[in-house]
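So this one's final-v3.txt, compact mmCIF, C-alpha atoms and all ligand atoms:
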```
# COMPACT_ATOMS: atom_id res chain seq x y z
CA MET Y 62 63.74 119.70 59.92
CA LYS Y 63 63.85 116.29 61.54
CA ASN Y 64 66.97 115.56 59.49
CA ILE Y 65 68.66 118.73 60.66
CA VAL Y 66 67.90 118.02 64.28
CA SER Y 67 69.22 114.49 64.03
CA THR Y 68 72.36 115.70 62.23
CA LEU Y 69 72.97 118.22 64.99
CA PHE Y 70 72.33 115.52 67.54
CA ILE Y 71 74.93 113.26 65.92
CA VAL Y 72 77.47 116.08 65.73
CA ALA Y 73 76.84 116.88 69.40
CA LEU Y 74 77.28 113.22 70.23
CA ILE Y 75 80.61 113.09 68.39
CA ILE Y 76 81.84 116.17 70.21
CA THR Y 77 80.84 114.92 73.64
CA SER Y 78 82.28 111.46 73.04
CA LEU Y 79 85.55 112.95 71.85
CA SER Y 80 85.92 115.19 74.86
CA ALA Y 81 84.79 112.37 77.14
CA CYS Y 82 87.81 110.45 75.92
CA GLY Y 83 90.06 113.19 77.25
CA ASN Y 84 88.08 113.52 80.46
CA GLU Y 85 88.37 109.86 81.19
CA LYS Y 86 92.14 110.03 81.26
CA GLN Y 87 91.93 113.11 83.44
CA SER Y 88 89.65 111.44 85.93
CA GLN Y 89 92.00 108.45 85.96
CA ALA Y 90 94.79 110.80 86.94
CA GLN Y 91 92.53 112.37 89.54
CA GLN Y 92 91.78 108.95 90.93
CA LYS Y 93 95.47 108.12 91.15
CA LYS Y 94 95.95 111.21 93.27
CA GLU Y 95 93.47 109.99 95.84
CA ARG Y 96 94.64 106.40 96.03
CA ASN Y 97 97.71 104.69 97.42
CA VAL Y 98 97.36 101.74 95.14
CA TYR Y 99 99.26 101.70 91.90
CA TYR Y 100 100.38 98.58 90.09
CA GLY Y 101 101.83 100.15 86.95
CA ASN Y 102 105.52 100.16 87.85
CA PHE Y 103 105.93 96.44 88.40
CA MET Y 104 107.38 93.72 86.25
CA LEU Y 105 105.32 90.70 87.36
CA ASP Y 106 106.82 87.24 87.69
CA THR Y 107 103.73 85.49 86.49
CA HIS Y 108 100.50 86.43 84.78
CA TYR Y 109 97.89 84.06 86.18
CA LYS Y 110 95.29 82.88 83.69
CA SER Y 111 92.91 80.98 85.99
CA LEU Y 112 91.89 80.28 89.59
CA GLU Y 113 93.47 76.84 89.13
CA GLU Y 114 96.86 78.47 88.50
CA LEU Y 115 96.51 80.77 91.51
CA ALA Y 116 95.53 77.75 93.65
CA TYR Y 117 98.59 75.83 92.46
CA ASP Y 118 100.97 78.51 93.72
CA ALA Y 119 99.09 79.12 96.99
CA ASP Y 120 100.05 77.53 100.33
CA LEU Y 121 97.02 79.09 101.92
CA VAL Y 122 93.68 80.19 100.48
CA ALA Y 123 91.57 81.99 103.02
CA GLU Y 124 88.95 84.56 103.76
CA ILE Y 125 90.69 87.34 105.63
CA GLU Y 126 89.66 90.47 107.41
CA VAL Y 127 92.06 93.37 107.64
CA ASN Y 128 92.77 94.64 111.14
CA ALA Y 129 93.22 98.32 111.72
CA ASN Y 130 96.53 97.89 113.56
CA ASN Y 131 98.91 97.26 110.70
CA HIS Y 132 102.55 97.97 111.19
CA ASN Y 133 105.36 98.93 108.87
CA ILE Y 134 108.77 97.43 108.50
CA SER Y 135 111.68 99.25 107.02
CA TYR Y 136 114.05 97.82 104.48
CA ILE Y 137 116.30 100.06 102.40
CA ASP Y 138 113.36 102.11 101.14
CA PRO Y 139 109.69 102.17 102.06
CA THR Y 140 108.67 99.77 99.31
CA PHE Y 141 107.56 96.97 101.57
CA LYS Y 142 105.51 96.66 104.73
CA THR Y 143 103.70 93.96 106.63
CA ILE Y 144 100.10 94.01 107.69
CA GLU Y 145 98.25 91.87 110.20
CA VAL Y 146 95.07 90.18 109.04
CA LYS Y 147 92.56 87.89 110.72
CA ILE Y 148 91.70 84.53 109.15
CA ASN Y 149 87.93 84.06 108.99
CA ASN Y 150 87.91 80.84 107.03
CA VAL Y 151 90.48 78.50 105.49
CA LEU Y 152 89.79 77.04 102.04
CA LYS Y 153 93.26 75.56 101.51
CA GLY Y 154 96.00 75.03 104.07
CA ASP Y 155 96.14 74.52 107.83
CA SER Y 156 92.55 74.92 109.07
CA LYS Y 157 93.84 75.33 112.64
CA ILE Y 158 94.80 78.92 111.89
CA LYS Y 159 91.14 79.84 111.48
CA SER Y 160 90.32 82.93 113.57
CA GLN Y 161 94.03 83.49 114.18
CA ALA Y 162 96.02 86.43 112.88
CA ILE Y 163 98.76 86.22 110.27
CA ARG Y 164 100.97 88.84 108.66
CA ILE Y 165 101.11 89.64 104.98
CA LEU Y 166 104.11 91.25 103.34
CA GLU Y 167 102.64 93.69 100.92
CA ILE Y 168 103.71 96.01 98.22
CA ALA Y 169 101.72 99.04 97.05
CA SER Y 170 99.16 98.72 99.87
CA THR Y 171 97.35 95.88 98.15
CA VAL Y 172 95.74 94.75 101.39
CA SER Y 173 95.94 97.71 103.74
CA GLU Y 174 93.85 99.87 101.43
CA ASN Y 175 91.00 97.51 102.27
CA ALA Y 176 91.02 97.93 106.03
CA ASN Y 177 87.99 96.44 107.76
CA LYS Y 178 86.91 94.70 104.61
CA LYS Y 179 86.70 91.01 103.85
CA ASN Y 180 88.78 89.46 101.11
CA ILE Y 181 89.38 85.99 99.74
CA VAL Y 182 93.10 85.69 99.12
CA PHE Y 183 95.57 83.22 97.64
CA LEU Y 184 98.70 83.35 99.80
CA ASP Y 185 102.20 81.98 99.47
CA LYS Y 186 104.66 81.66 102.35
CA TYR Y 187 107.32 84.33 101.89
CA GLU Y 188 110.92 83.18 101.69
CA GLY Y 189 113.42 86.00 101.56
CA PRO Y 190 115.38 88.59 103.45
CA LEU Y 191 112.61 91.13 104.11
CA ALA Y 192 110.67 89.48 106.95
CA ASP Y 193 110.12 86.20 108.78
CA ASP Y 194 106.89 84.31 109.14
CA VAL Y 195 104.84 86.32 106.67
CA TYR Y 196 102.81 85.55 103.56
CA VAL Y 197 102.64 87.25 100.19
CA ILE Y 198 99.65 87.52 97.89
CA VAL Y 199 100.14 85.18 94.94
CA GLY Y 200 100.88 87.35 91.91
CA VAL Y 201 101.35 90.54 94.02
CA TYR Y 202 97.67 91.51 93.71
CA GLN Y 203 96.27 88.94 91.24
CA GLY Y 204 95.29 86.54 94.03
CA MET Y 205 93.22 89.03 95.98
CA PHE Y 206 89.44 89.17 95.65
CA LYS Y 207 87.52 91.68 97.70
CA LEU Y 208 84.04 91.08 99.00
CA ASP Y 209 81.80 94.11 98.84
CA GLU Y 210 78.94 94.99 101.21
CA ALA Y 211 76.62 92.66 99.33
CA ASN Y 212 79.23 89.86 99.75
CA GLN Y 213 79.94 89.87 96.04
CA VAL Y 214 83.38 89.42 94.50
CA VAL Y 215 85.23 92.53 93.34
CA TYR Y 216 88.50 92.47 91.43
CA ASP Y 217 89.56 95.97 90.44
CA ALA Y 218 93.36 95.83 90.01
CA ASP Y 219 92.88 97.05 86.45
CA LYS Y 220 91.70 100.37 87.90
CA TYR Y 221 95.22 100.83 89.24
CA GLU Y 222 96.99 99.78 86.06
CA GLY Y 223 97.18 96.17 87.21
CA VAL Y 224 96.46 93.16 85.04
CA LYS Y 225 93.09 91.46 84.69
CA HIS Y 226 93.17 88.20 82.77
CA PHE Y 227 90.45 85.78 83.88
CA GLN Y 228 89.22 87.67 86.92
CA ALA Y 229 86.29 89.30 85.14
CA SER Y 230 84.68 85.85 84.96
CA VAL Y 231 84.32 85.66 88.74
CA GLU Y 232 83.43 89.28 89.43
CA GLY Y 233 79.98 89.77 90.87
CA LEU Y 234 79.70 86.18 92.09
CA ASP Y 235 78.27 85.90 95.58
CA LYS Y 236 80.62 84.64 98.28
CA GLN Y 237 79.17 81.14 98.36
CA SER Y 238 79.41 80.48 94.63
CA PHE Y 239 82.89 81.98 94.53
CA GLU Y 240 84.08 79.78 97.39
CA HIS Y 241 82.64 76.83 95.54
CA ARG Y 242 84.60 77.83 92.42
CA VAL Y 243 87.75 78.25 94.51
CA GLN Y 244 87.32 74.82 96.06
CA GLU Y 245 86.96 73.32 92.60
CA ALA Y 246 90.07 75.19 91.50
CA ILE Y 247 92.03 73.85 94.49
CA LYS Y 248 91.03 70.31 93.49
CA ASN Y 249 92.03 70.93 89.88
CA ALA Y 250 95.05 73.11 90.58
CA SER Y 251 97.40 73.40 87.62
CA PRO Y 252 100.80 75.08 87.31
CA PRO Y 253 100.88 78.52 85.69
CA GLN Y 254 102.55 78.85 82.32
CA PRO Y 255 106.24 79.26 83.01
CA ASN Y 256 107.54 82.71 82.09
CA ILE Y 257 110.18 81.31 79.85
CA PRO Y 258 110.50 77.93 78.15
CA GLN Y 259 111.82 75.28 80.52
CA LEU Y 260 115.24 74.23 79.30
CA SER Y 261 117.26 71.12 80.01
CA GLU Y 262 120.43 71.58 82.05
CA ALA Y 263 122.51 71.38 78.86
CA GLU Y 264 120.32 73.93 77.06
CA LYS Y 265 120.43 76.20 80.11
CA LYS Y 266 124.21 76.09 80.14
CA LEU Y 267 124.35 76.91 76.45
CA ALA Y 268 121.95 79.87 76.86
CA GLU Y 269 124.01 81.16 79.80
CA GLU Y 270 127.18 80.97 77.74
CA GLU Y 271 125.52 82.71 74.80
CA GLY Y 272 124.26 85.47 77.12
CA HIS Y 273 127.67 85.81 78.71
CA LYS Y 274 129.12 86.92 75.34
CA MET Y 275 126.96 90.02 75.51
CA TYR Y 276 128.18 90.64 79.05
CA LEU Y 277 131.82 90.50 77.87
CA GLU Y 278 131.08 92.97 75.04
CA ASP Y 279 129.26 95.30 77.46
CA LYS Y 280 132.10 95.08 79.96
CA LYS Y 281 134.70 95.92 77.31
CA ARG Y 282 132.71 98.91 76.02
CA LEU Y 283 132.13 100.27 79.53
CA GLU Y 284 135.82 100.01 80.35
CA GLU Y 285 136.69 101.95 77.21
CA MET Y 286 134.16 104.63 78.15
CA LYS Y 287 135.67 104.87 81.61
CA LYS Y 288 139.18 105.13 80.18
CA LYS Y 289 138.05 107.88 77.81
CA SER Y 290 136.47 109.91 80.63
CA VAL Y 291 139.62 109.59 82.73
CA GLU Y 292 141.69 110.83 79.78
CA GLU Y 293 139.33 113.76 79.28
CA LYS Y 294 139.58 114.69 82.94
CA GLN Y 295 143.38 114.69 82.71
CA LYS Y 296 143.37 117.06 79.72
CA MET Q 163 64.76 127.98 54.10
CA LYS Q 164 66.29 130.56 56.38
CA ILE Q 165 66.26 128.09 59.21
CA PHE Q 166 67.97 125.61 56.95
CA ALA Q 167 70.75 128.09 56.07
CA GLU Q 168 71.18 128.90 59.74
CA THR Q 169 71.45 125.21 60.57
CA LYS Q 170 73.87 124.64 57.74
CA LYS Q 171 76.06 127.36 59.19
CA ARG Q 172 75.78 125.76 62.61
CA PHE Q 173 76.58 122.40 61.11
CA LYS Q 174 79.70 123.88 59.50
CA LEU Q 175 80.72 125.43 62.82
CA SER Q 176 80.13 122.13 64.59
CA MET Q 177 82.26 120.31 62.06
CA ILE Q 178 85.07 122.81 62.57
CA ILE Q 179 84.85 122.21 66.30
CA VAL Q 180 84.86 118.45 65.73
CA ILE Q 181 87.99 118.71 63.57
CA LEU Q 182 89.67 121.02 66.08
CA VAL Q 183 88.91 118.73 69.00
CA ALA Q 184 90.03 115.69 67.02
CA SER Q 185 93.29 117.32 66.02
CA VAL Q 186 94.04 118.20 69.63
CA ILE Q 187 93.38 114.65 70.76
CA SER Q 188 94.98 112.79 67.87
CA PRO Q 189 98.62 113.23 68.95
CA ALA Q 190 97.71 111.44 72.14
CA ILE Q 191 96.15 108.48 70.40
CA SER Q 192 98.24 108.13 67.25
CA ASN Q 193 101.28 106.91 69.20
CA ALA Q 194 101.36 103.72 71.19
CA TYR Q 195 103.66 104.85 73.98
CA GLU Q 196 102.11 105.75 77.31
CA TYR Q 197 103.01 108.38 79.87
CA TYR Q 198 102.02 108.94 83.50
CA GLY Q 199 99.46 111.40 84.72
CA TRP Q 200 97.55 113.76 82.47
CA TRP Q 201 97.48 112.93 78.79
CA ASN Q 202 98.18 116.52 77.80
CA ASP Q 203 100.62 117.28 80.64
CA PRO Q 204 102.40 114.06 81.56
CA TYR Q 205 104.52 113.56 84.66
CA LYS Q 206 108.22 113.07 84.03
CA MET Q 207 111.74 113.60 85.32
CA ILE Q 208 111.43 117.29 86.23
CA PRO Q 209 115.08 118.36 85.70
CA GLY Q 210 115.03 116.68 82.29
CA ILE Q 211 117.13 113.77 81.13
CA SER Q 212 119.91 115.52 79.21
CA SER Q 213 122.17 115.82 82.26
CA GLY Q 214 122.66 114.30 85.68
CA THR Q 215 124.18 111.06 86.86
CA TYR Q 216 123.26 107.60 88.00
CA ILE Q 217 124.75 105.30 90.63
CA VAL Q 218 124.84 101.55 90.35
CA ASP Q 219 124.38 100.26 93.88
CA THR Q 220 125.06 96.58 93.19
CA ILE Q 221 127.83 94.33 91.95
CA ASP Q 222 128.86 91.92 89.23
CA ASN Q 223 129.17 88.28 90.28
CA TYR Q 224 126.20 88.56 92.65
CA ASN Q 225 125.49 84.99 93.67
CA TYR Q 226 121.95 83.82 94.38
CA ASN Q 227 121.62 80.08 95.04
CA GLY Q 228 124.40 79.33 92.59
CA LYS Q 229 123.14 81.65 89.85
CA VAL Q 230 125.67 84.38 89.14
CA PHE Q 231 124.27 87.79 88.14
CA MET Q 232 126.26 90.55 86.45
CA PHE Q 233 123.93 93.20 87.82
CA GLN Q 234 126.39 96.10 87.70
CA THR Q 235 127.31 95.73 84.04
CA ALA Q 236 123.68 94.99 83.15
CA TRP Q 237 122.51 98.27 84.73
CA ASN Q 238 125.32 100.31 83.15
CA SER Q 239 124.51 98.91 79.73
CA ALA Q 240 120.78 99.32 80.26
CA MET Q 241 121.30 103.05 80.83
CA ASP Q 242 123.60 103.21 77.80
CA GLU Q 243 120.81 101.78 75.65
CA TRP Q 244 118.64 104.80 76.50
CA ASN Q 245 121.56 107.24 76.29
CA ASN Q 246 122.60 105.98 72.85
CA ARG Q 247 119.16 105.67 71.30
CA THR Q 248 117.32 108.69 72.73
CA GLU Q 249 117.93 112.25 73.89
CA ALA Q 250 118.70 110.88 77.35
CA ASN Q 251 122.19 111.63 78.62
CA ILE Q 252 122.44 110.49 82.22
CA GLN Q 253 125.98 109.30 82.88
CA ASN Q 254 127.61 107.06 85.45
CA SER Q 255 128.75 109.13 88.43
CA ILE Q 256 132.12 107.37 88.36
CA ASN Q 257 132.77 109.02 84.97
CA VAL Q 258 131.19 112.45 85.33
CA SER Q 259 129.96 114.67 88.15
CA GLY Q 260 126.44 116.00 88.50
CA PRO Q 261 123.26 115.58 90.53
CA GLU Q 262 122.19 111.96 91.06
CA ARG Q 263 118.99 111.14 89.19
CA ILE Q 264 118.76 107.36 89.23
CA ARG Q 265 119.98 104.68 91.59
CA MET Q 266 120.01 101.07 90.44
CA ARG Q 267 119.84 98.07 92.75
CA GLY Q 268 120.04 94.35 92.18
CA GLU Q 269 119.78 91.69 94.89
CA ASN Q 270 117.51 89.00 96.27
CA TYR Q 271 114.12 90.13 97.58
CA GLY Q 272 112.56 86.67 97.67
CA ASN Q 273 109.25 85.50 96.24
CA VAL Q 274 107.47 88.84 96.21
CA GLY Q 275 106.23 88.05 92.70
CA LEU Q 276 108.16 90.80 90.96
CA GLN Q 277 111.18 90.80 88.69
CA GLY Q 278 111.75 94.48 89.12
CA TRP Q 279 110.17 97.77 90.08
CA VAL Q 280 110.75 101.51 90.24
CA THR Q 281 110.03 104.05 92.95
CA VAL Q 282 110.09 107.73 92.06
CA TYR Q 283 110.90 110.60 94.40
CA LYS Q 284 110.58 114.37 94.44
CA ASN Q 285 112.68 116.43 96.86
CA ASN Q 286 113.71 113.19 98.62
CA VAL Q 287 110.11 112.27 99.30
CA VAL Q 288 108.33 109.42 97.58
CA VAL Q 289 105.92 111.15 95.25
CA GLY Q 290 102.59 110.88 96.99
CA ASP Q 291 101.81 110.80 100.70
CA GLY Q 292 104.57 108.44 101.75
CA ASP Q 293 102.22 105.81 103.08
CA ALA Q 294 102.78 103.19 100.45
CA THR Q 295 105.18 102.52 97.67
CA PRO Q 296 105.54 102.20 94.79
CA LEU Q 297 102.95 104.92 94.92
CA PRO Q 298 100.67 106.05 92.21
CA VAL Q 299 102.73 108.50 90.24
CA THR Q 300 101.16 111.71 91.47
CA SER Q 301 103.57 114.30 90.15
CA GLY Q 302 106.79 114.72 88.27
CA TRP Q 303 109.92 113.40 89.97
CA ASP Q 304 113.60 114.29 90.24
CA TYR Q 305 114.94 110.95 91.44
CA ALA Q 306 114.22 107.28 90.86
CA ILE Q 307 115.32 104.00 92.42
CA ALA Q 308 115.13 101.01 90.10
CA THR Q 309 115.38 97.48 91.46
CA LEU Q 310 115.98 94.00 90.03
CA ASN Q 311 114.98 90.95 92.09
CA ALA Q 312 117.41 88.02 91.79
CA HIS Q 313 114.83 85.44 92.92
CA SER Q 314 112.45 86.20 90.08
CA LEU Q 315 115.21 86.46 87.49
CA ARG Q 316 116.98 83.22 88.40
CA ASP Q 317 116.15 81.58 85.06
CA TYR Q 318 117.04 84.67 83.01
CA THR Q 319 120.20 85.00 80.95
CA TYR Q 320 122.29 88.16 80.97
CA PRO Q 321 120.55 89.80 77.95
CA GLN Q 322 117.16 88.92 79.46
CA TYR Q 323 117.62 90.46 82.92
CA ARG Q 324 119.48 93.36 81.29
CA ALA Q 325 116.25 93.92 79.31
CA VAL Q 326 114.22 94.02 82.54
CA GLY Q 327 116.68 96.72 83.67
CA ILE Q 328 116.05 98.67 80.46
CA HIS Q 329 112.29 98.34 81.07
CA GLU Q 330 112.61 99.68 84.63
CA LEU Q 331 114.73 102.61 83.43
CA GLY Q 332 112.03 103.31 80.84
CA HIS Q 333 109.69 103.93 83.81
CA ALA Q 334 112.30 106.12 85.55
CA LEU Q 335 112.59 108.22 82.39
CA GLY Q 336 108.82 108.63 82.07
CA LEU Q 337 107.32 105.76 80.10
CA ASN Q 338 104.33 103.81 81.36
CA HIS Q 339 103.41 100.32 80.19
CA GLU Q 340 102.69 99.81 76.51
CA THR Q 341 99.37 98.09 76.08
CA ASP Q 342 98.32 97.99 72.42
CA GLY Q 343 100.83 95.46 71.08
CA THR Q 344 103.18 97.86 69.31
CA PRO Q 345 106.76 96.52 69.61
CA SER Q 346 107.99 98.01 72.88
CA ILE Q 347 110.35 97.27 75.76
CA MET Q 348 107.54 98.70 77.93
CA ASN Q 349 105.16 95.84 77.15
CA ASP Q 350 104.92 94.05 80.52
CA LYS Q 351 102.99 91.04 79.31
CA LEU Q 352 105.71 89.50 77.18
CA TYR Q 353 108.34 87.12 78.46
CA PRO Q 354 111.53 85.85 76.82
CA PRO Q 355 111.95 84.80 74.08
CA ASN Q 356 108.99 86.98 72.97
CA SER Q 357 109.92 90.10 74.90
CA TYR Q 358 112.17 92.80 73.50
CA LEU Q 359 115.79 93.12 74.57
CA VAL Q 360 116.40 96.77 73.67
CA PRO Q 361 114.27 99.96 73.37
CA GLN Q 362 112.08 99.90 70.25
CA GLN Q 363 111.22 102.80 67.90
CA ASP Q 364 107.99 103.56 69.78
CA ASP Q 365 109.92 103.73 73.07
CA ILE Q 366 112.48 106.04 71.49
CA ASN Q 367 109.71 108.31 70.16
CA GLY Q 368 108.06 108.23 73.56
CA ILE Q 369 111.16 109.52 75.35
CA ASN Q 370 112.12 112.05 72.68
CA ASN Q 371 108.60 113.52 72.53
CA LEU Q 372 108.33 113.75 76.32
CA TYR Q 373 111.27 116.11 76.81
ZN ZN Y 401 106.97 97.95 84.14
```

Rewrite the coordinates I just gave you, this time as structure tokens.
Ligand SMILES: [Zn+2]
Amino acid sequence: MKNIVSTLFIVALIITSLSACGNEKQSQAQQKKERNVYYGNFMLDTHYKSLEELAYDADLVAEIEVNANNHNISYIDPTFKTIEVKINNVLKGDSKIKSQAIRILEIASTVSENANKKNIVFLDKYEGPLADDVYVIVGVYQGMFKLDEANQVVYDADKYEGVKHFQASVEGLDKQSFEHRVQEAIKNASPPQPNIPQLSEAEKKLAEEEGHKMYLEDKKRLEEMKKKSVEEKQK
Amino acid sequence: MKIFAETKKRFKLSMIIVILVASVISPAISNAYEYYGWWNDPYKMIPGISSGTYIVDTIDNYNYNGKVFMFQTAWNSAMDEWNNRTEANIQNSINVSGPERIRMRGENYGNVGLQGWVTVYKNNVVVGDGDATPLPVTSGWDYAIATLNAHSLRDYTYPQYRAVGIHELGHALGLNHETDGTPSIMNDKLYPPNSYLVPQQDDINGINNLY
């Protein structure tokens, strides 16, 4: 009898675990519906593998607080906006901006979803056509660490299909220990792995020329396609 | 003994249920490709991908700090890769007429940390509540804008940024990132020379099984 019960129990367990697998994906979809954050459609420049790498690419590392009065900018489509944040503490960069406000250019509501919350962020001065005098989060969202009500570090980009490489190792740290780790990382900052092997000027030129051959083939094929469609239209 | 027979019957029934459940789930886990939304009812290009047109909203010889990009030809060829290898048949609007389904852009967006991205729309509205983009994909779509960022691609050769274009179009057609290591253009954690330059078999299966 005991055997039978345990067999049934195992079977029941298998069934529930199997259906739980399906449910999990469903609840993920449900979650996506309720959230504005989604990192799945990006091709990231850099996958950061440590705090040291984030620190290397950051002009400013600070504790920020998100103000309620964010404002949007428009540029071609609504992909980008800026948000105003207050600097509570500066860990790297100009300490004079402490308790001042700065603007962050954000994508996918990385920051604005955390209104009225505290975050420790790695920021890089933005240089580009979208806005002046704004910062971007290093690695789009990889350099953003939220502080929860208990002042413990939360990194949950993976919930929104974002990457999580080393961040699990700092999750749950209290603010003080995390800031200590960040300060160490700033001291020992090291460049992130380049995306692609760094080539000499001569090698670069050669690779460009090699790649250009494919362009010429593509161009030729596309022109033939265009010619063919013109001929078909004339028929 | 009777109880035993009863239980045996129940056990048999349970096993049948197990097999049934497993067979329903297995198609979703036996392939590596990933879709958006619900595993059994994924979000995708609502009007299908066997018709419609695309517009390339950028140029060849786009100059960014001395680096010359052939964005227009790269995008055209990127779409051809999907058209030639899968059931997709979305043609350049300069060659055929039909509703616009995809718009491709390529220019400098600065150090935003992204090489490219895709925003999907339904009835001219970003799918979702319009507050933030790219939004979580919350429904099927009928239009997509795919973007390449010159700043982040400045060290890429033509075949390499063309491949980023193919990757972005993979999103526009309905593929999510590939995560289990199967050869795929949708793997977003590989960089040249380890990344793929054209759609792989799993990507092709992914598109053909979606529509
Ligand atoms: Zn992607």

Grab me every residue within 6 Å of ligand ZN 401 (chain Y), counting only C-alpha atoms and all ligand atoms, and send it over as a short mmCIF file (atom, residue, chain, number, x, y, z; two decimals) with C-alpha atoms, keeping the file's coordinate frame.
```
data_model
loop_
_atom_site.label_atom_id
_atom_site.label_comp_id
_atom_site.auth_asym_id
_atom_site.auth_seq_id
_atom_site.Cartn_x
_atom_site.Cartn_y
_atom_site.Cartn_z
CA ASN Y 102 105.52 100.16 87.85
CA PHE Y 103 105.93 96.44 88.40
CA MET Y 104 107.38 93.72 86.25
CA GLU Q 330 112.61 99.68 84.63
CA HIS Q 339 103.41 100.32 80.19
CA ASP Q 350 104.92 94.05 80.52
#
```

Pick out the residues sitting within 7 Å of Val122 of chain Y, and hand them over as number ranges by chain; count all atoms listed in the file, and ignore anything fewer than 2 positions along from it in its own chain. Y: 119-120, 151-154, 182-184

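Each of Q:Ala236, Q:Ala325, Q:Ala194, Q:Ile369 was compared to chain Y using only C-alpha atoms, and Q:Ala236 turns out to be the nearest.
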
Across Y:Arg242, Y:Arg164, Y:His108, Y:Tyr216, the smallest distance to Thr143 of chain Y, with only C-alpha atoms counted, is shown by Y:Arg164

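Atom CA of Glu243 of chain Q is found 15.9 Å from atom CA of Leu277 of chain Y.
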
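The spacing separating atom CA of Ile217 of chain Q from atom CA of Ser346 of chain Q amounts to 25.5 Å.
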
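Distances here use all atoms listed in the file; by that measure, the residue among Q:Leu352, Q:Ser212, Q:Gly278, Q:Gly228 closest to chain Y is Q:Gly278.
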
How many Å lie between atom CA of Glu196 of chain Q and atom CA of Glu222 of chain Y, rounded to one decimal? 11.8 Å

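Neighbouring residues of Asn212 of chain Y at 12 Å or closer, counting only C-alpha atoms and skipping chain neighbours under 3 positions away, are Glu124, Lys178, Lys179, Asn180, Ile181, Phe206, Lys207, Leu208, Asp209, Val215, Glu232, Gly233, Leu234, Asp235, Lys236, Gln237, Ser238, Phe239 and Glu240 of chain Y.
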